[in-house]
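Undergrad: What follows is final17.csv, made up of CSV, C-alpha atoms and all ligand atoms:
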chain,number,residue,atom,x,y,z
I,1,MET,CA,14.9,-11.9,26.1
I,2,THR,CA,15.6,-14.8,23.8
I,3,SER,CA,19.2,-14.0,24.1
I,4,PRO,CA,22.7,-15.4,24.8
I,5,HIS,CA,22.7,-13.2,27.9
I,6,SER,CA,19.3,-13.8,29.4
I,7,THR,CA,19.1,-15.1,32.9
I,8,ALA,CA,19.5,-18.9,32.8
I,9,ALA,CA,16.1,-20.5,33.2
I,10,PRO,CA,15.7,-22.8,36.2
I,11,SER,CA,16.3,-26.4,35.3
I,12,THR,CA,13.5,-27.4,37.7
I,13,CYS,CA,10.0,-28.3,36.6
I,14,THR,CA,7.5,-25.6,37.6
I,15,VAL,CA,3.7,-25.7,37.4
I,16,ILE,CA,2.1,-22.3,36.9
I,17,THR,CA,-1.4,-22.1,38.4
I,18,GLY,CA,-3.8,-19.4,39.4
I,19,ILE,CA,-4.0,-18.3,35.7
I,20,GLY,CA,-7.2,-16.3,35.3
I,21,GLU,CA,-7.0,-16.5,31.5
I,22,LEU,CA,-4.5,-18.3,29.4
I,23,VAL,CA,-4.0,-16.8,25.9
I,24,THR,CA,-2.1,-19.4,24.0
I,25,CYS,CA,-2.2,-17.9,20.5
I,26,ASP,CA,-2.2,-21.4,19.2
I,27,GLY,CA,-4.4,-20.5,16.2
I,28,THR,CA,-7.5,-22.2,17.5
I,29,GLY,CA,-10.8,-20.6,18.5
I,30,PRO,CA,-11.9,-17.0,17.9
I,31,GLU,CA,-9.1,-14.7,16.6
I,32,GLY,CA,-6.7,-17.7,16.9
I,33,LEU,CA,-6.2,-16.8,20.5
I,34,GLY,CA,-6.7,-20.4,21.9
I,35,LEU,CA,-8.2,-19.0,25.1
I,36,ARG,CA,-8.3,-21.3,28.1
I,37,ARG,CA,-9.7,-20.8,31.6
I,38,ASP,CA,-8.7,-22.8,34.6
I,39,ALA,CA,-5.5,-23.6,32.9
I,40,ALA,CA,-2.1,-24.5,34.1
I,41,VAL,CA,1.3,-24.5,32.3
I,42,VAL,CA,4.3,-26.7,33.2
I,43,VAL,CA,7.7,-25.3,32.4
I,44,GLU,CA,10.8,-27.5,32.3
I,45,GLY,CA,14.1,-25.7,32.0
I,46,ASP,CA,13.4,-22.9,29.4
I,47,HIS,CA,10.6,-24.8,27.5
I,48,ILE,CA,6.9,-25.4,27.9
I,49,ALA,CA,6.4,-29.0,28.8
I,50,TRP,CA,2.6,-29.2,29.3
I,51,VAL,CA,-0.5,-27.0,28.9
I,52,GLY,CA,-3.9,-28.1,30.1
I,53,SER,CA,-6.6,-27.9,32.8
I,54,ALA,CA,-5.3,-27.0,36.3
I,55,ALA,CA,-7.2,-30.0,37.6
I,56,ASP,CA,-5.1,-32.4,35.4
I,57,ALA,CA,-1.7,-30.8,36.0
I,58,PRO,CA,1.1,-33.3,36.5
I,59,PRO,CA,3.3,-33.1,39.6
I,60,ALA,CA,6.2,-30.6,39.5
I,61,ASP,CA,9.1,-29.6,41.6
I,62,ARG,CA,7.4,-26.4,42.6
I,63,GLN,CA,4.3,-24.4,42.0
I,64,VAL,CA,3.9,-20.7,41.1
I,65,ASP,CA,0.4,-19.3,41.8
I,66,LEU,CA,-0.4,-16.2,39.8
I,67,GLY,CA,-3.5,-15.4,41.8
I,68,GLY,CA,-5.9,-14.9,38.8
I,69,SER,CA,-3.7,-13.0,36.4
I,70,ALA,CA,-4.0,-13.3,32.7
I,71,VAL,CA,-1.0,-15.1,31.0
I,72,LEU,CA,-0.1,-14.7,27.3
I,73,PRO,CA,3.0,-15.3,25.1
I,74,GLY,CA,5.7,-12.8,25.8
I,75,PHE,CA,5.5,-10.0,23.2
I,76,VAL,CA,7.6,-10.4,20.1
I,77,ASP,CA,8.9,-7.0,19.1
I,78,SER,CA,10.0,-7.7,15.6
I,79,HIS,CA,11.2,-4.2,14.6
I,80,SER,CA,13.5,-2.0,16.7
I,81,HIS,CA,16.5,0.2,16.4
I,82,LEU,CA,18.0,0.1,19.9
I,83,VAL,CA,21.7,0.8,19.3
I,84,PHE,CA,21.9,4.6,19.3
I,85,ALA,CA,23.2,7.5,21.3
I,86,GLY,CA,22.0,11.1,21.4
I,87,ASP,CA,18.7,12.8,21.9
I,88,ARG,CA,16.1,13.9,19.3
I,89,SER,CA,13.3,15.1,21.5
I,90,ALA,CA,13.5,18.6,20.0
I,91,GLU,CA,12.8,17.0,16.6
I,92,PHE,CA,9.7,15.4,18.0
I,93,ALA,CA,8.5,18.6,19.5
I,94,ALA,CA,9.1,20.4,16.2
I,95,ARG,CA,7.1,17.6,14.4
I,96,MET,CA,4.2,18.1,16.8
I,97,ALA,CA,4.3,21.7,15.8
I,98,GLY,CA,4.0,20.8,12.1
I,99,THR,CA,7.5,20.0,10.8
I,100,PRO,CA,7.1,16.8,8.7
I,101,TYR,CA,9.3,13.7,9.1
I,102,ASP,CA,11.6,13.0,6.2
I,103,GLY,CA,14.4,10.8,7.6
I,104,GLY,CA,16.9,13.7,7.8
I,105,GLY,CA,17.1,13.5,11.6
I,106,ILE,CA,18.7,10.0,11.3
I,107,GLY,CA,22.0,11.8,10.6
I,108,VAL,CA,21.9,13.4,14.1
I,109,SER,CA,21.7,9.9,15.6
I,110,VAL,CA,24.5,8.7,13.4
I,111,ALA,CA,26.8,11.4,14.6
I,112,ALA,CA,26.1,10.7,18.2
I,113,THR,CA,26.3,7.0,17.8
I,114,ARG,CA,29.7,7.1,16.1
I,115,ALA,CA,31.0,9.3,18.9
I,116,ALA,CA,29.8,6.9,21.7
I,117,THR,CA,32.1,4.3,23.2
I,118,ASP,CA,31.2,0.6,23.1
I,119,ASP,CA,30.4,0.7,26.8
I,120,GLU,CA,28.1,3.7,26.4
I,121,LEU,CA,26.2,2.1,23.6
I,122,ARG,CA,26.0,-1.2,25.5
I,123,THR,CA,24.6,0.5,28.6
I,124,LEU,CA,22.0,2.3,26.5
I,125,LEU,CA,21.0,-0.8,24.6
I,126,ARG,CA,20.7,-3.0,27.7
I,127,ARG,CA,18.6,-0.3,29.5
I,128,ARG,CA,16.2,-0.3,26.5
I,129,VAL,CA,16.0,-4.1,26.4
I,130,ASP,CA,15.3,-4.1,30.2
I,131,GLU,CA,12.6,-1.5,29.7
I,132,MET,CA,11.0,-3.7,27.0
I,133,ARG,CA,11.1,-6.8,29.2
I,134,ALA,CA,9.5,-4.9,32.1
I,135,GLN,CA,6.5,-4.3,29.7
I,136,GLY,CA,6.1,-8.0,28.6
I,137,THR,CA,8.5,-8.3,25.6
I,138,THR,CA,10.5,-11.5,25.6
I,139,THR,CA,11.9,-11.5,22.0
I,140,VAL,CA,13.3,-8.4,20.3
I,141,GLU,CA,14.7,-7.8,16.8
I,142,VAL,CA,17.5,-5.1,16.8
I,143,LYS,CA,18.8,-3.3,13.7
I,144,SER,CA,22.0,-1.5,13.1
I,145,GLY,CA,21.7,1.6,11.0
I,146,TYR,CA,23.2,4.5,13.1
I,147,GLY,CA,26.8,3.6,12.3
I,148,LEU,CA,27.0,3.6,8.5
I,149,THR,CA,30.7,2.9,8.4
I,150,VAL,CA,32.1,-0.6,8.1
I,151,ASP,CA,33.4,-0.5,11.7
I,152,ASP,CA,30.4,1.3,13.2
I,153,GLU,CA,27.8,-1.1,11.6
I,154,ALA,CA,29.8,-4.2,12.6
I,155,ARG,CA,30.1,-2.7,16.1
I,156,ALA,CA,26.3,-2.1,16.4
I,157,LEU,CA,25.6,-5.6,15.3
I,158,ARG,CA,28.1,-7.1,17.7
I,159,LEU,CA,26.5,-5.3,20.6
I,160,ALA,CA,23.0,-6.2,19.4
I,161,ALA,CA,24.0,-9.9,19.3
I,162,GLU,CA,24.8,-9.6,23.0
I,163,VAL,CA,21.1,-9.2,23.7
I,164,THR,CA,19.3,-11.0,20.9
I,165,HIS,CA,19.6,-13.6,18.1
I,166,GLU,CA,17.4,-11.4,15.9
I,167,THR,CA,20.0,-8.9,14.6
I,168,THR,CA,19.5,-7.0,11.4
I,169,PHE,CA,22.0,-5.2,9.2
I,170,LEU,CA,20.6,-1.8,8.1
I,171,GLY,CA,23.6,-0.2,6.5
I,172,ALA,CA,21.1,1.0,3.9
I,173,HIS,CA,19.3,3.2,6.4
I,174,VAL,CA,20.3,6.5,4.8
I,175,VAL,CA,23.2,7.8,2.7
I,176,PRO,CA,25.5,9.2,5.3
I,177,PRO,CA,26.7,12.8,5.0
I,178,GLU,CA,30.2,11.9,3.8
I,179,TYR,CA,28.6,10.3,0.7
I,180,SER,CA,25.8,12.7,0.1
I,181,GLY,CA,27.7,15.6,-1.2
I,182,GLY,CA,28.3,17.6,2.0
I,183,PRO,CA,31.6,19.1,3.0
I,184,GLY,CA,34.3,16.5,2.9
I,185,ALA,CA,32.3,14.3,0.6
I,186,ARG,CA,34.2,11.2,-0.6
I,187,GLY,CA,31.9,10.1,-3.2
I,188,ASP,CA,28.2,9.7,-4.0
I,189,ARG,CA,25.3,7.4,-3.2
I,190,ALA,CA,26.4,4.8,-5.8
I,191,ALA,CA,29.7,4.6,-4.0
I,192,TYR,CA,27.9,4.3,-0.7
I,193,LEU,CA,25.8,1.4,-2.1
I,194,ASP,CA,29.0,-0.3,-3.2
I,195,LEU,CA,30.3,0.0,0.3
I,196,VAL,CA,27.0,-1.4,1.8
I,197,THR,CA,26.8,-4.3,-0.5
I,198,GLY,CA,30.5,-5.0,-0.3
I,199,PRO,CA,32.9,-4.5,2.6
I,200,MET,CA,30.2,-3.3,5.0
I,201,LEU,CA,28.0,-6.4,4.4
I,202,GLU,CA,31.0,-8.6,4.7
I,203,ALA,CA,31.8,-7.2,8.1
I,204,ALA,CA,28.2,-7.2,9.3
I,205,ALA,CA,27.0,-10.6,8.1
I,206,PRO,CA,28.8,-12.7,10.8
I,207,HIS,CA,26.8,-10.8,13.4
I,208,ALA,CA,23.4,-10.5,11.6
I,209,ARG,CA,20.5,-12.8,10.8
I,210,TRP,CA,18.7,-10.3,8.5
I,211,VAL,CA,19.3,-7.5,6.1
I,212,ASP,CA,17.0,-4.5,5.8
I,213,VAL,CA,16.8,-1.4,3.7
I,214,PHE,CA,14.9,1.9,4.0
I,215,CYS,CA,13.1,1.9,0.6
I,216,GLU,CA,11.5,5.3,0.3
I,217,PRO,CA,11.7,7.2,-2.9
I,218,HIS,CA,9.9,10.1,-1.1
I,219,SER,CA,13.0,10.8,1.1
I,220,ALA,CA,16.2,12.2,-0.4
I,221,HIS,CA,18.0,10.4,2.4
I,222,ALA,CA,16.7,6.8,1.8
I,223,PHE,CA,16.8,4.4,-1.1
I,224,THR,CA,14.9,3.8,-4.4
I,225,GLY,CA,13.4,0.5,-5.4
I,226,ASP,CA,16.4,-0.4,-7.6
I,227,GLU,CA,18.8,0.5,-4.9
I,228,ALA,CA,16.8,-1.5,-2.4
I,229,ARG,CA,16.8,-4.5,-4.7
I,230,ALA,CA,20.6,-4.4,-5.0
I,231,VAL,CA,21.0,-4.3,-1.2
I,232,LEU,CA,18.5,-7.1,-0.6
I,233,LEU,CA,20.0,-9.4,-3.3
I,234,ALA,CA,23.5,-8.8,-1.8
I,235,GLY,CA,22.3,-9.6,1.7
I,236,ARG,CA,20.6,-12.7,0.5
I,237,ALA,CA,23.8,-13.8,-1.3
I,238,ALA,CA,25.6,-13.4,2.0
I,239,GLY,CA,23.1,-15.7,3.7
I,240,LEU,CA,20.8,-13.2,5.4
I,241,GLY,CA,17.0,-13.2,5.5
I,242,LEU,CA,15.2,-10.2,4.1
I,243,ARG,CA,13.2,-7.4,5.8
I,244,VAL,CA,12.2,-4.1,4.2
I,245,HIS,CA,11.2,-0.6,5.5
I,246,ALA,CA,8.6,0.4,2.9
I,247,ASN,CA,5.8,2.8,2.1
I,248,GLN,CA,6.3,4.8,5.3
I,249,LEU,CA,6.3,8.3,3.8
I,250,GLY,CA,4.3,7.7,0.7
I,251,HIS,CA,3.4,5.2,-2.1
I,252,GLY,CA,6.4,3.4,-3.6
I,253,PRO,CA,7.8,0.1,-4.8
I,254,GLY,CA,8.9,-1.3,-1.5
I,255,VAL,CA,6.0,-3.6,-0.6
I,256,GLN,CA,5.9,-5.3,-4.0
I,257,LEU,CA,9.7,-5.6,-4.0
I,258,ALA,CA,9.5,-7.3,-0.6
I,259,VAL,CA,6.9,-9.7,-1.8
I,260,GLU,CA,8.7,-10.5,-5.0
I,261,LEU,CA,11.9,-11.3,-3.2
I,262,GLY,CA,10.1,-13.4,-0.5
I,263,ALA,CA,11.1,-11.1,2.4
I,264,ALA,CA,9.9,-12.3,5.8
I,265,SER,CA,8.6,-8.9,6.7
I,266,VAL,CA,7.7,-5.6,5.1
I,267,ASP,CA,7.4,-2.9,7.7
I,268,HIS,CA,5.5,0.3,8.1
I,269,CYS,CA,3.0,-0.2,5.2
I,270,THR,CA,1.5,3.2,6.0
I,271,TYR,CA,0.6,4.0,2.4
I,272,LEU,CA,-0.7,1.0,0.4
I,273,SER,CA,-2.2,0.8,-3.1
I,274,PRO,CA,-4.7,-1.9,-4.0
I,275,ALA,CA,-1.9,-3.6,-5.9
I,276,ASP,CA,0.2,-3.6,-2.7
I,277,VAL,CA,-2.6,-5.2,-0.7
I,278,ASP,CA,-3.2,-7.8,-3.5
I,279,ALA,CA,0.6,-8.6,-3.3
I,280,LEU,CA,0.4,-9.0,0.5
I,281,VAL,CA,-2.6,-11.2,0.2
I,282,GLY,CA,-0.8,-13.5,-2.3
I,283,ALA,CA,2.2,-13.6,0.0
I,284,ALA,CA,0.2,-14.4,3.2
I,285,GLY,CA,2.2,-16.8,5.4
I,286,THR,CA,5.4,-15.8,3.7
I,287,THR,CA,5.7,-12.0,3.8
I,288,VAL,CA,4.2,-10.4,6.9
I,289,ALA,CA,3.0,-6.8,6.9
I,290,THR,CA,4.5,-5.4,10.1
I,291,LEU,CA,2.5,-2.4,11.3
I,292,LEU,CA,4.2,0.2,13.5
I,293,PRO,CA,1.4,2.4,14.8
I,294,GLY,CA,3.7,4.1,17.3
I,295,VAL,CA,5.3,5.7,14.3
I,296,GLU,CA,2.0,7.1,13.0
I,297,PHE,CA,1.4,8.4,16.5
I,298,SER,CA,4.8,10.1,16.8
I,299,THR,CA,4.9,11.5,13.3
I,300,ARG,CA,1.3,12.6,13.1
I,301,SER,CA,0.8,10.3,10.1
I,302,PRO,CA,-2.4,8.5,9.0
I,303,TYR,CA,-2.7,5.0,10.4
I,304,PRO,CA,-2.7,2.0,8.0
I,305,ASP,CA,-6.0,0.1,7.8
I,306,ALA,CA,-5.1,-3.0,9.7
I,307,ARG,CA,-8.7,-4.1,9.7
I,308,ALA,CA,-8.8,-4.1,5.9
I,309,LEU,CA,-5.5,-6.0,5.7
I,310,LEU,CA,-6.7,-8.7,8.0
I,311,ASP,CA,-10.1,-9.0,6.3
I,312,ALA,CA,-8.3,-9.2,2.9
I,313,GLY,CA,-6.3,-12.2,4.2
I,314,CYS,CA,-2.9,-10.6,4.8
I,315,SER,CA,-0.5,-11.8,7.5
I,316,ILE,CA,0.1,-8.9,9.9
I,317,ALA,CA,2.3,-8.2,12.9
I,318,LEU,CA,2.7,-5.4,15.3
I,319,ALA,CA,6.0,-4.0,16.6
I,320,THR,CA,7.2,-0.8,18.3
I,321,ASP,CA,10.0,0.3,15.9
I,322,CYS,CA,11.6,1.8,19.0
I,323,ASN,CA,14.0,4.3,17.6
I,324,PRO,CA,15.1,7.9,18.4
I,325,GLY,CA,13.3,9.5,15.5
I,326,THR,CA,9.9,8.2,14.6
I,327,CYS,CA,8.9,6.4,17.8
I,328,TYR,CA,10.9,6.4,21.0
I,329,SER,CA,8.5,4.0,22.7
I,330,SER,CA,9.5,0.5,23.8
I,331,SER,CA,6.0,-0.4,24.8
I,332,MET,CA,4.1,-3.3,23.0
I,333,PRO,CA,1.0,-2.6,25.2
I,334,PHE,CA,1.0,0.9,23.8
I,335,VAL,CA,1.2,-0.4,20.3
I,336,ILE,CA,-1.6,-2.9,21.0
I,337,ALA,CA,-3.8,-0.1,22.3
I,338,LEU,CA,-3.1,2.0,19.2
I,339,ALA,CA,-3.9,-0.9,16.9
I,340,VAL,CA,-7.3,-1.3,18.6
I,341,ARG,CA,-8.1,2.4,18.9
I,342,GLU,CA,-6.8,3.6,15.6
I,343,MET,CA,-6.5,0.7,13.2
I,344,GLY,CA,-9.7,-1.3,13.7
I,345,LEU,CA,-8.3,-4.4,15.3
I,346,THR,CA,-10.1,-6.2,18.1
I,347,PRO,CA,-8.1,-6.5,21.3
I,348,GLY,CA,-7.6,-10.2,20.6
I,349,GLU,CA,-6.4,-9.6,17.1
I,350,ALA,CA,-4.0,-7.0,18.3
I,351,VAL,CA,-2.6,-9.4,20.9
I,352,TYR,CA,-2.2,-12.2,18.3
I,353,ALA,CA,-0.4,-9.8,15.9
I,354,ALA,CA,2.0,-8.8,18.7
I,355,THR,CA,2.9,-12.4,19.5
I,356,ALA,CA,2.2,-15.1,17.0
I,357,GLY,CA,2.1,-12.6,14.1
I,358,SER,CA,5.4,-11.1,15.0
I,359,ALA,CA,6.9,-14.5,15.5
I,360,LEU,CA,5.9,-15.4,11.9
I,361,SER,CA,7.6,-12.2,10.7
I,362,LEU,CA,10.8,-13.5,12.3
I,363,ARG,CA,10.1,-17.0,10.9
I,364,ARG,CA,10.1,-18.3,14.5
I,365,SER,CA,7.8,-21.1,15.7
I,366,ASP,CA,9.4,-21.4,19.2
I,367,VAL,CA,8.1,-18.0,20.4
I,368,GLY,CA,4.8,-16.1,20.3
I,369,ARG,CA,2.7,-19.1,21.3
I,370,VAL,CA,2.1,-20.9,24.6
I,371,VAL,CA,2.3,-24.5,23.3
I,372,VAL,CA,4.3,-27.6,24.2
I,373,GLY,CA,7.9,-27.3,23.0
I,374,ALA,CA,7.9,-23.5,22.7
I,375,ARG,CA,10.2,-21.4,24.8
I,376,ALA,CA,8.8,-20.6,28.2
I,377,ASP,CA,8.6,-16.9,27.3
I,378,LEU,CA,5.5,-15.7,29.0
I,379,ALA,CA,3.9,-12.3,29.8
I,380,VAL,CA,1.7,-11.9,32.8
I,381,LEU,CA,-0.8,-9.1,33.3
I,382,ASP,CA,-1.9,-7.4,36.5
I,383,ALA,CA,-5.4,-8.0,35.1
I,384,PRO,CA,-7.8,-10.9,34.6
I,385,SER,CA,-7.9,-10.8,30.7
I,386,HIS,CA,-6.0,-9.7,27.6
I,387,LEU,CA,-8.8,-7.1,27.0
I,388,HIS,CA,-7.2,-5.0,29.7
I,389,LEU,CA,-4.1,-4.3,27.5
I,390,SER,CA,-6.1,-1.9,25.3
I,391,TYR,CA,-8.8,-1.1,27.9
I,392,ARG,CA,-6.2,0.1,30.4
I,393,ALA,CA,-4.0,1.9,27.9
I,394,GLY,CA,-1.0,3.6,29.5
I,395,VAL,CA,-1.2,1.6,32.7
I,396,PRO,CA,1.8,-0.7,33.3
I,397,ILE,CA,-0.1,-3.9,33.7
I,398,ALA,CA,2.2,-6.2,31.6
I,399,ARG,CA,5.6,-7.7,32.5
I,400,ALA,CA,7.7,-10.7,31.4
I,401,LEU,CA,7.3,-13.6,33.8
I,402,ASP,CA,10.7,-14.3,35.3
I,403,LEU,CA,10.4,-17.8,36.8
I,404,SER,CA,13.8,-17.5,38.5
I,405,GLU,CA,12.4,-14.7,40.6
I,406,ALA,CA,8.8,-15.9,40.9
I,501,LIG,N1,12.3,5.1,8.7
I,501,LIG,C1,13.4,4.6,8.9
I,501,LIG,N2,13.9,4.3,10.0
I,501,LIG,C2,13.3,4.4,11.3
I,501,LIG,C3,13.4,5.8,11.8
I,501,LIG,C4,14.8,6.2,12.0
I,501,LIG,C5,15.0,7.6,12.6
I,501,LIG,O1,14.3,8.6,12.3
I,501,LIG,O2,16.0,7.7,13.4
I,501,LIG,C6,11.9,4.0,11.2
I,501,LIG,O3,11.7,2.8,11.0
I,501,LIG,O4,10.9,4.8,11.4
I,502,ZN,ZN,12.5,1.0,11.6
Show me, as structure tokens, the structure contained in the file I just sent.

TA:
Amino acid sequence: MTSPHSTAAPSTCTVITGIGELVTCDGTGPEGLGLRRDAAVVVEGDHIAWVGSAADAPPADRQVDLGGSAVLPGFVDSHSHLVFAGDRSAEFAARMAGTPYDGGGIGVSVAATRAATDDELRTLLRRRVDEMRAQGTTTVEVKSGYGLTVDDEARALRLAAEVTHETTFLGAHVVPPEYSGGPGARGDRAAYLDLVTGPMLEAAAPHARWVDVFCEPHSAHAFTGDEARAVLLAGRAAGLGLRVHANQLGHGPGVQLAVELGAASVDHCTYLSPADVDALVGAAGTTVATLLPGVEFSTRSPYPDARALLDAGCSIALATDCNPGTCYSSSMPFVIALAVREMGLTPGEAVYAATAGSALSLRRSDVGRVVVGARADLAVLDAPSHLHLSYRAGVPIARALDLSEA
């Protein structure tokens, strides 16, 4: 991953050849994919130094021949909740039998996460990150949100920062039981919001790049538009960038709030009004609609119309939302296949949304594209073209390219 703890890239200069199809996602050509055949890529240290025709490749210290595999930017998974303990598979099974998702299960993960030791959480987190990398993901955003005390949120973000620079404070995930009127209640949701926007934010901010809020007036557990605004403004005042969980369970103010405040990303977007779409079109290039079709899959919800969003001119991204409740999948190829099958994207548009699109949602220009100067974060397919990602759904053909082992 793009992380303080990833394996150090070799300082040698490597020319990668035998690329059956190079998907650069540089914005040129059909779907912005910038497809090249007979291409080679030169990597120096951890950066891309040259991209061009194999016949013109400059000399290098060593050559890695990929034997005709497709190469693309490593996937950018811009929405995940990887710091958690416990098991909610029974909740999934109940949902498949008809019980709707309302966010209430988050409390189960909060209890298990609070009870886990640092080492237990670290092991779980690293295993999930490794699982992502094995499927082609090279950048991941990781949220807190299963601690919901000052110490537990700061701990989650400290651990997340061990594996990625893209860390997000989600103290406003749900109102925890001790503030929601249950036995031993110390206060109310207003008191919890004071905690989130005060001492919890102060403890979290040193370890976080972003702040996020679950804005969902349809869930008694999550936050209203006014509450979400307060969280986002406090986060911004603390120097954090803005992301929003919005319009997952029904229509609401979250999408337009995200656009109004210039959030980098508004995520889920399952239920969108025409005014929401207009707002997203107006905010193209600034606020990305991050679609999470693994959630619709795992909660039996309707899929958002990605085709219509793209045709209208919105910026879109794809991510897993890997979490114990609504989608316990770490697989970007699975998400790409769903986006093609269920949301009307072409295979190329889905790849672009999962790489350059997600990079934009993190305001990153150094990942998500195979261009000179970008990080040498590459995914390689056991297949000749990117079409196979959705064509061969469920088959583990993608992996992150590790040049230190190649
Ligand atoms: N919806 C809010 N948060 C997560 C789910 C969290 C959970 O159920 O544990 C999501 O993005 O879907
Ligand atoms: Zn989420």

Undergrad: Produce a table with one row for each residue of chain I that has an atom at most 8 Å from any atom of ligand ZN 502 (chain I), each row naming the nearest atom pair and its distance in Å at one decimal; use all atoms listed in the file; arrange rows by chain and rising residue number; format as a Markdown table.

TA:
| residue | atom | partner | partner_atom | distance |
| --- | --- | --- | --- | --- |
| I:His79 | CA | I:ZN502 | ZN | 6.1 |
| I:Ser80 | CA | I:ZN502 | ZN | 6.0 |
| I:His81 | CA | I:ZN502 | ZN | 6.3 |
| I:Lys143 | CA | I:ZN502 | ZN | 7.9 |
| I:His245 | CA | I:ZN502 | ZN | 6.4 |
| I:Asp267 | CA | I:ZN502 | ZN | 7.5 |
| I:His268 | CA | I:ZN502 | ZN | 7.9 |
| I:Asp321 | CA | I:ZN502 | ZN | 5.0 |
| I:Cys322 | CA | I:ZN502 | ZN | 7.5 |
| I:Asn323 | CA | I:ZN502 | ZN | 7.0 |

Undergrad: Using all atoms listed in the file, find each residue in chain I having at least one atom no more than 6 Å away from ligand LIG 501 (chain I); report its shortest atom-to-atom pair and that distance in Å (one decimal), rows by chain then rising number, as CSV.

TA:
residue,atom,partner,partner_atom,distance
I:Gly103,CA,I:LIG501,O1,5.2
I:Gly105,CA,I:LIG501,O1,5.7
I:Ile106,CA,I:LIG501,O2,4.1
I:Phe214,CA,I:LIG501,C1,5.8
I:Asp321,CA,I:LIG501,O3,5.8
I:Asn323,CA,I:LIG501,O2,5.8
I:Pro324,CA,I:LIG501,O2,5.1
I:Gly325,CA,I:LIG501,O1,3.5
I:Thr326,CA,I:LIG501,O4,4.8

Undergrad: Tell me which protein, DNA and RNA residues are within 12 Å of segment 118-122 of chain I, counting all atoms listed in the file, leaving out same-chain ones fewer than 6 positions away, and put them as a list in words.

TA: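 Skipping anything fewer than 6 positions along the chain leaves Leu82, Val83, Phe84, Ala85, Gly86, Ala112, Arg128, Val129, Ser144, Tyr146, Gly147, Asp151, Asp152, Ala154, Arg155, Ala156, Leu157, Arg158, Leu159, Ala160, Ala161, Glu162 and Val163 of chain I.
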
Undergrad: Can you work out which one of I:Ile397, I:Val64, I:Cys269, I:Leu389 has the shortest atom-to-atom distance to Ala134 of chain I, counting all atoms listed in the file?

TA: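 Under the stated criterion, the closest residue is I:Ile397.
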
Undergrad: Counting all atoms listed in the file, what is within 12 Å of Leu257 of chain I, bar same-chain residues fewer than 3 positions away, as JSON, numbers by chain?

TA: {"I": [213, 215, 216, 224, 225, 226, 227, 228, 229, 230, 231, 232, 233, 242, 243, 244, 245, 246, 247, 252, 253, 254, 260, 261, 262, 263, 264, 265, 266, 275, 276, 279, 280, 283, 287]}

Undergrad: Would you please work out which residue, of I:Glu141, I:Asp46, I:Glu349, I:Asp130, is nearest to Ile336 of chain I when using all atoms listed in the file?

TA: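 Smallest separation from Ile336 of chain I among the options: I:Glu349.
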
Undergrad: Considering all atoms listed in the file, can you say which of I:Gly104, I:Gly145, I:Pro73, I:Pro347 comes closest to Leu401 of chain I?

TA: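 Nearest candidate to Leu401 of chain I out of I:Gly104, I:Gly145, I:Pro73, I:Pro347: I:Pro73.
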
Undergrad: How would segment 324-331 of chain I look with N, CA, C and O atoms restored, written as a compact mmCIF listing (two decimals), in the frame of the given file?

TA:
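The result, written out as selection-v6.txt:
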# COMPACT_ATOMS: atom_id res chain seq x y z
N PRO I 324 15.07 6.53 17.90
CA PRO I 324 15.10 7.90 18.40
C PRO I 324 14.33 8.92 17.59
O PRO I 324 14.09 10.04 18.05
N GLY I 325 13.93 8.52 16.36
CA GLY I 325 13.30 9.50 15.50
C GLY I 325 11.80 9.38 15.43
O GLY I 325 11.07 10.26 15.91
N THR I 326 11.31 8.27 14.90
CA THR I 326 9.90 8.20 14.60
C THR I 326 9.03 7.58 15.69
O THR I 326 7.80 7.64 15.61
N CYS I 327 9.66 6.97 16.71
CA CYS I 327 8.90 6.40 17.80
C CYS I 327 9.79 5.94 18.92
O CYS I 327 10.30 4.83 18.89
N TYR I 328 10.00 6.81 19.89
CA TYR I 328 10.90 6.40 21.00
C TYR I 328 10.01 5.81 22.11
O TYR I 328 9.97 6.30 23.23
N SER I 329 9.29 4.75 21.74
CA SER I 329 8.50 4.00 22.70
C SER I 329 8.93 2.53 22.62
O SER I 329 9.00 1.99 21.51
N SER I 330 9.15 1.91 23.76
CA SER I 330 9.50 0.50 23.80
C SER I 330 8.32 -0.38 24.18
O SER I 330 8.49 -1.54 24.51
N SER I 331 7.13 0.19 24.14
CA SER I 331 6.00 -0.40 24.80
C SER I 331 5.07 -1.18 23.78
O SER I 331 4.33 -0.55 23.00
